[in-house]
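Printed here is entry-v7.txt (compact mmCIF, C-alpha atoms and all ligand atoms):
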# COMPACT_ATOMS: atom_id res chain seq x y z
CA MET E 1466 84.55 -2.61 -2.13
CA ASN E 1467 83.71 0.28 0.19
CA ARG E 1468 84.10 3.90 -0.86
CA ASP E 1469 87.20 4.50 1.28
CA VAL E 1470 89.07 1.57 -0.21
CA GLN E 1471 88.05 2.58 -3.73
CA ARG E 1472 89.26 6.11 -3.11
CA ARG E 1473 92.52 4.94 -1.61
CA ASP E 1474 93.15 2.71 -4.63
CA PHE E 1475 92.36 5.63 -6.88
CA LEU E 1476 94.74 7.92 -5.01
CA ARG E 1477 97.49 5.32 -5.16
CA TRP E 1478 96.94 4.90 -8.88
CA LEU E 1479 96.98 8.66 -9.27
CA ALA E 1480 100.22 9.06 -7.39
CA ALA E 1481 101.85 6.25 -9.40
CA SER E 1482 100.79 7.59 -12.78
CA PRO E 1483 103.84 9.19 -14.46
CA LEU E 1484 101.56 11.22 -16.69
CA LEU E 1485 99.68 12.84 -13.84
CA ALA E 1486 102.61 13.01 -11.47
CA SER E 1487 104.43 15.20 -13.96
CA ALA E 1488 101.63 17.73 -13.78
CA GLY E 1489 103.00 20.38 -11.40
CA GLY E 1490 100.93 20.23 -8.25
CA LEU E 1491 100.47 16.48 -8.31
CA ALA E 1492 104.07 16.02 -7.22
CA ALA E 1493 103.05 17.46 -3.87
CA PHE E 1494 100.24 14.95 -3.66
CA GLU E 1495 102.59 12.08 -4.37
CA GLU E 1496 104.68 13.30 -1.49
CA VAL E 1497 101.62 13.11 0.75
CA ILE E 1498 101.33 9.44 0.03
CA ALA E 1499 104.97 8.41 -0.07
CA GLN E 1500 106.29 10.72 2.68
CA GLU E 1501 110.05 10.48 3.05
CA ASP E 1502 110.06 6.72 3.10
CA PRO E 1503 108.74 4.90 0.04
CA ARG E 1504 107.74 1.94 2.22
CA ARG E 1505 105.17 4.16 3.92
CA THR E 1506 101.90 4.13 2.07
CA LEU E 1507 98.35 5.18 2.71
CA ASP E 1508 97.94 1.90 4.56
CA ASP E 1509 99.90 3.46 7.44
CA LEU E 1510 96.99 5.73 8.27
CA ILE E 1511 96.43 6.33 11.95
CA THR E 1512 92.91 5.76 13.24
CA SER E 1513 92.70 8.34 16.04
CA ALA E 1514 94.10 11.81 16.64
CA GLY E 1515 96.01 10.62 19.69
CA GLN E 1516 98.08 8.27 17.53
CA ALA E 1517 99.57 11.11 15.51
CA LEU E 1518 103.29 11.44 16.18
CA ASP E 1519 103.69 14.56 14.10
CA VAL E 1520 101.43 16.82 12.08
CA PHE E 1521 102.21 14.88 8.91
CA ASP E 1522 100.41 11.81 10.28
CA LEU E 1523 97.26 13.93 10.32
CA ARG E 1524 97.96 15.19 6.81
CA LYS E 1525 97.83 11.65 5.48
CA VAL E 1526 94.44 11.01 7.04
CA ALA E 1527 93.14 14.35 5.84
CA ALA E 1528 94.31 13.56 2.30
CA GLU E 1529 92.19 10.45 2.48
CA LYS E 1530 89.07 11.98 4.02
CA ILE E 1531 88.73 15.41 2.45
CA PRO E 1532 86.98 15.49 -0.95
CA THR E 1533 89.44 15.82 -3.82
CA ALA E 1534 88.60 19.39 -4.91
CA HIS E 1535 88.65 20.62 -1.30
CA TRP E 1536 91.97 18.89 -0.74
CA GLY E 1537 93.25 20.79 -3.75
CA TYR E 1538 92.09 24.00 -2.05
CA ILE E 1539 94.29 23.20 0.96
CA LEU E 1540 97.26 21.98 -1.08
CA THR E 1541 97.37 24.77 -3.57
CA GLY E 1542 99.96 27.49 -3.79
CA VAL E 1543 100.54 29.42 -6.99
CA ASP E 1544 102.28 28.65 -10.28
CA GLY E 1545 104.58 25.63 -9.84
CA GLU E 1546 104.47 25.87 -6.03
CA GLU E 1547 107.93 27.47 -5.81
CA THR E 1548 107.01 29.90 -3.02
CA GLN E 1549 105.26 27.23 -0.97
CA ARG E 1550 108.22 24.86 -1.36
CA ASN E 1551 110.69 27.58 -0.42
CA ASN E 1552 108.77 28.39 2.76
CA ARG E 1553 109.76 24.90 3.90
CA ALA E 1554 113.16 24.69 2.23
CA ALA E 1555 114.37 27.91 3.85
CA LEU E 1556 113.27 26.68 7.29
CA GLU E 1557 115.12 23.43 6.73
CA ARG E 1558 118.33 25.24 5.77
CA ILE E 1559 118.46 26.86 9.22
CA TYR E 1560 120.13 24.89 12.01
CA LEU E 1561 119.90 25.33 15.77
CA ARG E 1562 122.90 26.28 17.90
CA ALA E 1563 122.44 24.15 20.99
CA ARG E 1564 123.89 25.32 24.29
CA ARG E 1565 124.51 22.72 27.00
CA LEU E 1566 124.53 22.54 30.77
CA ILE E 1567 121.78 25.06 31.34
CA ASP E 1568 119.07 24.34 33.92
CA VAL E 1569 115.98 23.90 31.76
CA SER E 1570 113.84 22.24 34.40
CA SER E 1571 111.31 25.05 34.09
CA LEU E 1572 110.31 26.77 30.86
CA ASP E 1573 108.42 29.97 30.15
CA THR E 1574 106.68 29.96 26.76
CA THR E 1575 104.17 32.69 27.53
CA VAL E 1576 103.69 35.61 25.19
CA ASN E 1577 101.75 38.82 25.67
CA LEU E 1578 99.82 40.29 22.75
CA PHE E 1579 97.94 43.54 23.34
CA GLY E 1580 97.65 42.87 27.06
CA ARG E 1581 96.34 39.30 26.75
CA GLU E 1582 98.76 36.63 27.90
CA TRP E 1583 98.93 33.37 25.93
CA PRO E 1584 100.60 30.19 27.18
CA THR E 1585 102.45 29.68 23.90
CA PRO E 1586 103.36 31.76 20.82
CA LEU E 1587 101.43 29.37 18.52
CA ILE E 1588 98.53 31.05 16.70
CA ILE E 1589 95.77 29.71 14.47
CA ALA E 1590 95.91 31.54 11.13
CA PRO E 1591 92.71 32.47 9.29
CA ALA E 1592 91.54 29.91 6.74
CA GLY E 1593 88.31 30.22 4.80
CA SER E 1594 85.46 27.76 4.26
CA GLN E 1595 86.34 25.21 6.91
CA ARG E 1596 83.11 23.31 6.31
CA ALA E 1597 84.84 22.05 3.18
CA PHE E 1598 87.12 20.04 5.48
CA HIS E 1599 84.83 18.93 8.30
CA PRO E 1600 81.13 19.39 9.08
CA ASP E 1601 81.94 21.07 12.42
CA ALA E 1602 84.11 23.61 10.56
CA GLU E 1603 85.26 26.68 12.52
CA ILE E 1604 83.32 25.53 15.60
CA ALA E 1605 85.62 22.51 15.90
CA THR E 1606 88.64 24.79 15.50
CA ALA E 1607 87.28 27.19 18.12
CA ARG E 1608 86.62 24.41 20.62
CA ALA E 1609 90.14 23.07 20.09
CA ALA E 1610 91.58 26.57 20.51
CA ALA E 1611 89.55 26.95 23.72
CA ALA E 1612 90.58 23.55 25.07
CA ARG E 1613 94.28 24.37 24.60
CA ASN E 1614 94.03 28.14 25.04
CA HIS E 1615 95.36 29.31 21.69
CA LEU E 1616 94.64 32.48 19.81
CA GLN E 1617 92.32 31.89 16.83
CA THR E 1618 91.97 34.18 13.84
CA LEU E 1619 88.75 33.84 11.88
CA SER E 1620 88.64 34.31 8.10
CA THR E 1621 86.32 36.77 6.40
CA VAL E 1622 85.08 33.83 4.33
CA THR E 1623 84.38 31.65 7.35
CA SER E 1624 81.61 29.08 6.95
CA THR E 1625 80.43 29.92 10.49
CA ALA E 1626 79.34 33.35 11.71
CA VAL E 1627 81.68 35.19 14.07
CA GLU E 1628 79.12 35.27 16.89
CA GLU E 1629 78.84 31.46 16.92
CA VAL E 1630 82.60 31.03 16.73
CA ASN E 1631 83.14 33.42 19.64
CA GLU E 1632 80.67 31.45 21.70
CA ALA E 1633 82.42 28.16 20.93
CA ARG E 1634 85.81 29.72 21.65
CA GLY E 1635 84.59 31.21 24.93
CA GLU E 1636 86.06 34.62 24.07
CA PRO E 1637 86.16 36.79 20.97
CA VAL E 1638 88.57 35.71 18.25
CA TRP E 1639 90.64 37.99 16.03
CA TYR E 1640 88.90 38.75 12.74
CA GLN E 1641 90.72 38.67 9.41
CA LEU E 1642 89.37 41.20 6.94
CA TYR E 1643 89.26 41.03 3.18
CA ALA E 1644 88.16 44.59 2.47
CA ARG E 1645 85.10 44.96 0.25
CA THR E 1646 84.85 47.09 -2.87
CA HIS E 1647 81.90 48.88 -1.32
CA TRP E 1648 83.03 50.90 1.66
CA GLU E 1649 79.62 50.58 3.38
CA ALA E 1650 79.98 46.80 3.24
CA THR E 1651 83.44 46.99 4.84
CA VAL E 1652 82.10 49.30 7.56
CA ALA E 1653 79.23 46.89 8.25
CA LEU E 1654 81.62 43.92 8.48
CA VAL E 1655 84.04 45.71 10.78
CA HIS E 1656 81.25 47.01 13.03
CA ARG E 1657 79.72 43.56 13.25
CA THR E 1658 82.99 42.09 14.49
CA ARG E 1659 83.54 45.04 16.84
CA ASP E 1660 80.06 44.53 18.29
CA ALA E 1661 80.87 40.83 18.67
CA GLY E 1662 83.84 41.86 20.81
CA CYS E 1663 86.68 40.95 18.41
CA PRO E 1664 89.64 42.99 19.68
CA VAL E 1665 91.70 42.86 16.49
CA ILE E 1666 91.19 43.29 12.74
CA VAL E 1667 93.76 41.49 10.62
CA LEU E 1668 93.72 43.18 7.23
CA THR E 1669 95.04 40.79 4.58
CA VAL E 1670 96.77 42.62 1.75
CA ASP E 1671 98.64 39.94 -0.19
CA LEU E 1672 95.89 38.90 -2.59
CA LEU E 1673 95.07 42.28 -4.07
CA GLY E 1674 96.90 41.43 -7.28
CA GLY E 1675 95.15 38.05 -7.63
CA SER E 1676 96.76 34.60 -7.43
CA ASN E 1677 97.44 31.89 -9.99
CA ARG E 1678 96.29 28.73 -8.20
CA LEU E 1679 96.97 25.93 -10.66
CA THR E 1680 97.02 23.01 -8.22
CA MET E 1681 93.55 23.91 -7.00
CA GLU E 1682 92.24 23.92 -10.55
CA ARG E 1683 93.88 20.57 -11.34
CA TYR E 1684 92.22 18.93 -8.32
CA ARG E 1685 88.88 20.48 -9.16
CA ARG E 1686 89.10 18.89 -12.59
CA ILE E 1687 89.74 15.38 -11.27
CA ASP E 1688 86.91 15.57 -8.72
CA ASP E 1689 83.98 13.81 -10.32
CA ARG E 1690 81.35 15.11 -7.88
CA ASP E 1691 78.85 17.71 -9.01
CA CYS E 1692 80.18 20.88 -7.34
CA ARG E 1693 76.97 22.77 -8.07
CA SER E 1694 75.05 20.61 -5.62
CA CYS E 1695 76.80 22.47 -2.77
CA HIS E 1696 78.24 25.58 -4.41
CA THR E 1697 74.99 27.16 -5.45
CA SER E 1698 72.61 29.40 -3.64
CA GLY E 1699 69.73 31.25 -5.23
CA GLY E 1700 71.31 30.86 -8.66
CA ARG E 1701 74.64 32.34 -7.55
CA ALA E 1702 77.88 30.52 -8.10
CA ASP E 1703 78.57 30.17 -4.37
CA PRO E 1704 76.42 30.15 -1.27
CA VAL E 1705 76.46 33.48 0.54
CA LYS E 1706 79.00 33.29 3.34
CA PRO E 1707 77.55 33.98 6.80
CA MET E 1708 79.57 37.17 7.24
CA TYR E 1709 78.23 38.56 3.97
CA ARG E 1710 74.56 38.03 4.80
CA GLY E 1711 72.67 41.27 5.12
CA LEU E 1712 75.52 43.36 3.75
CA PRO E 1713 74.77 46.02 1.13
CA GLN E 1714 74.72 45.03 -2.56
CA GLY E 1715 78.09 44.02 -3.96
CA ALA E 1716 79.33 42.98 -0.53
CA ARG E 1717 80.95 39.87 -1.93
CA ASP E 1718 83.35 41.74 -4.23
CA SER E 1719 86.85 42.14 -2.88
CA ALA E 1720 88.39 45.60 -2.72
CA GLY E 1721 90.63 45.37 -5.74
CA ARG E 1722 93.91 46.67 -6.92
CA SER E 1723 93.52 50.26 -5.88
CA MET E 1724 93.93 49.85 -2.12
CA THR E 1725 96.79 51.89 -0.60
CA TRP E 1726 98.09 52.75 2.87
CA ASP E 1727 95.36 55.43 3.16
CA TYR E 1728 92.99 52.56 3.82
CA ILE E 1729 94.48 52.10 7.28
CA GLN E 1730 93.39 55.58 8.33
CA ARG E 1731 89.91 54.92 6.94
CA LEU E 1732 89.70 51.81 9.12
CA ARG E 1733 91.04 53.71 12.13
CA ASP E 1734 88.26 56.26 11.66
CA ILE E 1735 85.52 53.62 11.96
CA THR E 1736 86.83 51.39 14.75
CA ASP E 1737 88.99 51.34 17.84
CA GLN E 1738 89.95 47.70 17.28
CA LYS E 1739 93.68 47.00 16.90
CA ILE E 1740 94.75 46.76 13.26
CA ILE E 1741 97.27 44.24 11.99
CA VAL E 1742 98.37 44.05 8.36
CA LYS E 1743 98.84 40.49 7.10
CA GLY E 1744 101.01 39.82 4.08
CA LEU E 1745 103.99 42.16 4.48
CA VAL E 1746 107.37 40.76 3.41
CA THR E 1747 109.79 43.70 3.02
CA TRP E 1748 111.50 46.21 5.33
CA GLU E 1749 110.15 49.06 3.20
CA ASP E 1750 106.59 48.04 3.98
CA ALA E 1751 107.49 47.40 7.61
CA GLU E 1752 108.67 51.00 7.87
CA LEU E 1753 105.47 52.22 6.26
CA ALA E 1754 103.50 50.08 8.69
CA VAL E 1755 105.26 51.78 11.60
CA ARG E 1756 104.63 55.19 10.05
CA HIS E 1757 100.93 54.44 9.56
CA GLY E 1758 100.49 53.38 13.16
CA ILE E 1759 99.76 49.71 12.52
CA ASP E 1760 99.52 47.71 15.76
CA ALA E 1761 101.36 44.61 14.53
CA ILE E 1762 102.78 43.11 11.34
CA TRP E 1763 101.88 39.63 10.10
CA VAL E 1764 104.68 38.45 7.82
CA SER E 1765 103.03 36.13 5.33
CA ASN E 1766 102.83 35.07 1.71
CA HIS E 1767 99.51 33.32 2.39
CA GLY E 1768 101.31 29.98 2.68
CA GLY E 1769 102.66 30.36 -0.87
CA ARG E 1770 99.13 31.03 -2.15
CA ALA E 1771 99.56 34.72 -2.97
CA GLU E 1772 102.42 35.88 -5.18
CA GLY E 1773 104.91 33.61 -6.92
CA SER E 1774 107.88 35.50 -5.51
CA GLY E 1775 109.65 32.33 -4.49
CA ARG E 1776 110.72 34.06 -1.29
CA ALA E 1777 110.25 32.26 2.02
CA THR E 1778 108.65 34.19 4.85
CA ILE E 1779 111.35 33.01 7.27
CA ASP E 1780 113.86 34.80 5.01
CA ALA E 1781 111.79 38.00 5.01
CA LEU E 1782 111.65 38.08 8.81
CA PRO E 1783 115.09 39.48 9.68
CA GLU E 1784 114.77 42.64 7.59
CA ILE E 1785 111.31 43.26 9.01
CA ALA E 1786 112.43 42.66 12.59
CA GLU E 1787 115.27 45.12 12.04
CA ALA E 1788 112.96 47.77 10.58
CA VAL E 1789 110.40 47.33 13.37
CA SER E 1790 113.06 47.22 16.06
CA GLY E 1791 110.74 46.07 18.82
CA ARG E 1792 108.13 48.78 18.25
CA MET E 1793 105.30 46.31 17.63
CA PRO E 1794 104.66 42.57 17.68
CA ILE E 1795 105.53 40.54 14.58
CA ILE E 1796 103.63 37.41 13.63
CA VAL E 1797 104.92 35.06 10.95
CA ASP E 1798 103.44 32.13 9.04
CA GLY E 1799 104.30 29.95 6.07
CA GLY E 1800 105.51 26.36 6.25
CA PHE E 1801 105.80 25.99 10.04
CA ARG E 1802 105.34 22.28 10.72
CA ARG E 1803 107.52 21.37 13.70
CA GLY E 1804 108.54 22.80 17.05
CA THR E 1805 111.99 23.44 15.62
CA ASP E 1806 110.35 25.59 12.92
CA LEU E 1807 108.50 27.66 15.53
CA PHE E 1808 111.79 28.11 17.35
CA LYS E 1809 113.46 29.35 14.14
CA GLY E 1810 110.68 31.88 13.56
CA LEU E 1811 111.09 33.22 17.08
CA ALA E 1812 114.88 33.31 16.65
CA ARG E 1813 114.50 35.43 13.54
CA GLY E 1814 112.41 38.01 15.35
CA ALA E 1815 108.80 36.81 15.41
CA THR E 1816 106.76 37.43 18.55
CA ALA E 1817 104.39 34.62 17.62
CA VAL E 1818 104.09 32.00 14.86
CA ALA E 1819 100.89 31.06 13.03
CA ILE E 1820 99.94 27.84 11.29
CA GLY E 1821 97.48 27.31 8.45
CA ARG E 1822 97.52 23.92 6.76
CA PRO E 1823 98.58 21.81 9.78
CA TYR E 1824 95.45 22.57 11.78
CA LEU E 1825 93.30 22.12 8.67
CA TRP E 1826 94.84 18.65 8.31
CA GLY E 1827 93.89 17.97 11.92
CA LEU E 1828 90.39 19.29 11.30
CA GLY E 1829 89.88 17.23 8.15
CA ALA E 1830 91.27 14.12 9.81
CA PHE E 1831 89.48 14.09 13.16
CA GLY E 1832 87.58 17.38 13.66
CA GLN E 1833 88.13 19.14 16.99
CA GLU E 1834 90.35 16.32 18.32
CA GLY E 1835 92.58 16.59 15.28
CA VAL E 1836 93.06 20.33 15.71
CA GLU E 1837 93.77 19.83 19.41
CA ARG E 1838 96.35 17.18 18.58
CA VAL E 1839 98.14 19.52 16.17
CA LEU E 1840 98.31 22.24 18.82
CA GLU E 1841 99.49 19.73 21.40
CA ILE E 1842 102.19 18.25 19.15
CA LEU E 1843 103.64 21.59 18.11
CA THR E 1844 103.61 22.97 21.66
CA ARG E 1845 105.36 19.88 22.97
CA GLU E 1846 107.89 19.98 20.16
CA LEU E 1847 108.65 23.63 20.88
CA GLN E 1848 109.22 22.79 24.54
CA ILE E 1849 111.52 19.90 23.62
CA THR E 1850 113.44 22.20 21.29
CA MET E 1851 113.83 24.91 23.91
CA ARG E 1852 115.14 22.43 26.46
CA ALA E 1853 117.44 20.80 23.93
CA VAL E 1854 119.13 24.07 23.02
CA GLY E 1855 119.10 25.63 26.49
CA ALA E 1856 116.54 28.42 25.97
CA ARG E 1857 114.46 28.82 29.13
CA SER E 1858 112.10 31.49 27.85
CA LEU E 1859 111.08 33.05 24.56
CA ALA E 1860 113.20 36.06 25.48
CA GLU E 1861 116.29 33.84 25.43
CA ILE E 1862 115.63 32.83 21.80
CA GLY E 1863 117.36 35.10 19.30
CA PRO E 1864 119.57 35.25 16.22
CA HIS E 1865 122.36 33.69 18.31
CA SER E 1866 120.21 30.54 18.65
CA ILE E 1867 120.38 29.60 14.96
CA GLY E 1868 122.66 29.54 11.94
CA VAL E 1869 122.47 28.88 8.20
CA ASP E 1870 124.77 26.64 6.18
C1 LIG R 1901 92.85 26.48 2.78
C2 LIG R 1901 93.41 27.81 3.18
C3 LIG R 1901 92.57 28.91 3.27
C4 LIG R 1901 93.07 30.15 3.64
N1 LIG R 1901 92.21 31.20 3.78
C5 LIG R 1901 92.69 32.40 4.18
C6 LIG R 1901 91.81 33.49 4.40
O1 LIG R 1901 90.60 33.38 4.24
N2 LIG R 1901 92.35 34.67 4.79
C7 LIG R 1901 93.70 34.84 4.99
O2 LIG R 1901 94.15 35.93 5.35
N3 LIG R 1901 94.55 33.81 4.81
C8 LIG R 1901 94.08 32.61 4.43
N4 LIG R 1901 94.94 31.56 4.27
C9 LIG R 1901 96.39 31.75 4.57
C10 LIG R 1901 96.68 31.43 6.04
O3 LIG R 1901 96.11 32.41 6.89
C11 LIG R 1901 98.18 31.40 6.31
O4 LIG R 1901 98.74 32.62 5.89
C12 LIG R 1901 98.91 30.24 5.63
O5 LIG R 1901 98.09 29.10 5.57
C13 LIG R 1901 100.18 29.91 6.40
O6 LIG R 1901 100.94 28.99 5.72
P1 LIG R 1901 100.89 27.39 6.04
O7 LIG R 1901 99.60 26.90 5.49
O8 LIG R 1901 102.09 26.88 5.28
O9 LIG R 1901 101.00 27.20 7.53
C14 LIG R 1901 94.46 30.31 3.90
C15 LIG R 1901 95.30 29.20 3.81
C16 LIG R 1901 94.79 27.96 3.47
C17 LIG R 1901 95.73 26.78 3.41
Take the structure in the file and give it back as structure tokens.
Ligand SMILES: Cc1cc2nc3c(=O)[nH]c(=O)nc-3n(C[C@H](O)[C@H](O)[C@H](O)COP(=O)(O)O)c2cc1C
Amino acid sequence: MNRDVQRRDFLRWLAASPLLASAGGLAAFEEVIAQEDPRRTLDDLITSAGQALDVFDLRKVAAEKIPTAHWGYILTGVDGEETQRNNRAALERIYLRARRLIDVSSLDTTVNLFGREWPTPLIIAPAGSQRAFHPDAEIATARAAAARNHLQTLSTVTSTAVEEVNEARGEPVWYQLYARTHWEATVALVHRTRDAGCPVIVLTVDLLGGSNRLTMERYRRIDDRDCRSCHTSGGRADPVKPMYRGLPQGARDSAGRSMTWDYIQRLRDITDQKIIVKGLVTWEDAELAVRHGIDAIWVSNHGGRAEGSGRATIDALPEIAEAVSGRMPIIVDGGFRRGTDLFKGLARGATAVAIGRPYLWGLGAFGQEGVERVLEILTRELQITMRAVGARSLAEIGPHSIGVD
């Protein structure tokens, strides 16, 4: 029996086991295998990116190909996955209000962010350690983003250095920053990305209190490979990430619980890059963001991987859009899986919508081609949605375009 078949049998056994299925995060895994229709099994796997009809087809292949512990890293949220589930559930509660008899023979999906025009409002969110999903890692993502002309945001904990990613992308990406405990290390990181031409720093602020990632731990436990064979470098628990190399001592430690809004001014003083704060979910913080001269807000709960608030990002959007009142762009992520979802995000006030897991599924399934396919599917679905409801441009999408039961 080859390794793939063995693994598939194991996964099927795992999903069927009542003992394991009752263990919190494994329910999500069972869903991966069964999908909505119990007749669909892992045997339905597509064999090329082009066969994928929706992003979930790529998820099934990724579930099969990505090593168990790494798959747990993608799957995981926090606690019992309530926030992650609600990101989706809240999107599904929203319906579209379709208008008829409008000439939709030509569509305008372009969006302008800081003077750069993008053909669609679909953005690639930062995700760390992409070599865990495919050997081509962030390079494959960058080539896909270049091929389809999408904005890519690179994680601080990228497995590929920013200079290489920029080259593969053909233009500088946005850089997501996890601030370091040591200010000199943060300065060095920021200056490196500035020198590489990255126009924007995306400061992620939703993990400062830590996160309780149980699903990740459960998958790590059932992975029988020896993690140390990869996750060790010079006696340290993890290999040094490329962006940390050469940084002052202690560069790997995250700036902890003491960070406040003053940090924005400190960043402003060391760089002229635009600054976006990622992880805001309340109007109070949106107002503070305006007051502190932030360039854009990224509404996010880290895909349900940060706090266990249970609150969907799509439900946080309206109060933030109202507080911002058009003074800066708003990006949203969390559970966006279909063109209709992108449409709902735009209707609730987002300027652009970012995806995390879907493109990682594409990457894990088929590398660059898989990421390209995800971008292609979601763009096409957004266009279909816009035509179906009579919205000819992003400007015509608004609160009037949707409703909630
Ligand atoms: C495997 C994985 C790694 C991530 N790594 C980062 C990261 O390094 N920095 C960051 O700001 N967000 C990170 N995120 C969060 C994403 O940027 C994004 O907020 C989230 O994935 C969006 O939700 P979605 O996955 O439901 O689309 C990560 C998400 C995943 C799934």
### Query
Pick the closest to ligand LIG 1901 (chain R) from E:Arg1613, E:Arg1838, E:Arg1550, E:Arg1645: which is it, counting only C-alpha atoms and all ligand atoms?
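The answer is E:Arg1550, which sits nearest to ligand LIG 1901 (chain R).
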Please give me, as a PDB file with C-alpha atoms, in the frame of the given file, the residues lying within 6 Å of ligand LIG 1901 (chain R) when counting all atoms listed in the file.
ATOM      1  CA  TYR E1538      92.090  24.000  -2.050  1.00  0.00           C
ATOM      2  CA  ILE E1539      94.290  23.200   0.960  1.00  0.00           C
ATOM      3  CA  ALA E1590      95.910  31.540  11.130  1.00  0.00           C
ATOM      4  CA  PRO E1591      92.710  32.470   9.290  1.00  0.00           C
ATOM      5  CA  ALA E1592      91.540  29.910   6.740  1.00  0.00           C
ATOM      6  CA  GLY E1593      88.310  30.220   4.800  1.00  0.00           C
ATOM      7  CA  SER E1620      88.640  34.310   8.100  1.00  0.00           C
ATOM      8  CA  THR E1621      86.320  36.770   6.400  1.00  0.00           C
ATOM      9  CA  VAL E1622      85.080  33.830   4.330  1.00  0.00           C
ATOM     10  CA  GLN E1641      90.720  38.670   9.410  1.00  0.00           C
ATOM     11  CA  THR E1669      95.040  40.790   4.580  1.00  0.00           C
ATOM     12  CA  SER E1765     103.030  36.130   5.330  1.00  0.00           C
ATOM     13  CA  HIS E1767      99.510  33.320   2.390  1.00  0.00           C
ATOM     14  CA  GLY E1768     101.310  29.980   2.680  1.00  0.00           C
ATOM     15  CA  ASP E1798     103.440  32.130   9.040  1.00  0.00           C
ATOM     16  CA  GLY E1799     104.300  29.950   6.070  1.00  0.00           C
ATOM     17  CA  GLY E1800     105.510  26.360   6.250  1.00  0.00           C
ATOM     18  CA  PHE E1801     105.800  25.990  10.040  1.00  0.00           C
ATOM     19  CA  ILE E1820      99.940  27.840  11.290  1.00  0.00           C
ATOM     20  CA  GLY E1821      97.480  27.310   8.450  1.00  0.00           C
ATOM     21  CA  ARG E1822      97.520  23.920   6.760  1.00  0.00           C
TER      22      ARG E1822
END
### Message
My list of candidates is E:Gly1855, E:Gly1835, E:Gly1711, E:Gly1674. Which is closest to Ser1513 (chain E) when distances are computed with only C-alpha atoms?
### Response
E:Gly1835
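Here CA of Val1764 (chain E) stands at a distance of 26.2 Å from CA of Arg1608 (chain E).
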### Message
Which residues are close to Ala1612 (chain E), i.e. within 9 Å by only C-alpha atoms, leaving aside same-chain residues fewer than 3 positions away? Reply as a PyMOL selection string.
### Response
chain E and resi 1607-1609+1615+1634+1837
### Message
Using all atoms listed in the file for the distances, tell me which of E:Leu1556, E:Val1746, E:Leu1518, E:Ile1762 is nearest to Gly1868 (chain E).
### Response
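Ranked by minimum distance to Gly1868 (chain E), first place goes to E:Leu1556.
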### Message
Using all atoms listed in the file, can you tell me which of E:Val1665, E:Ile1785, E:Leu1540, E:Ala1633 comes closest to Arg1678 (chain E)?
### Response
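Using all atoms listed in the file, the shortest distance to Arg1678 (chain E) belongs to E:Leu1540.
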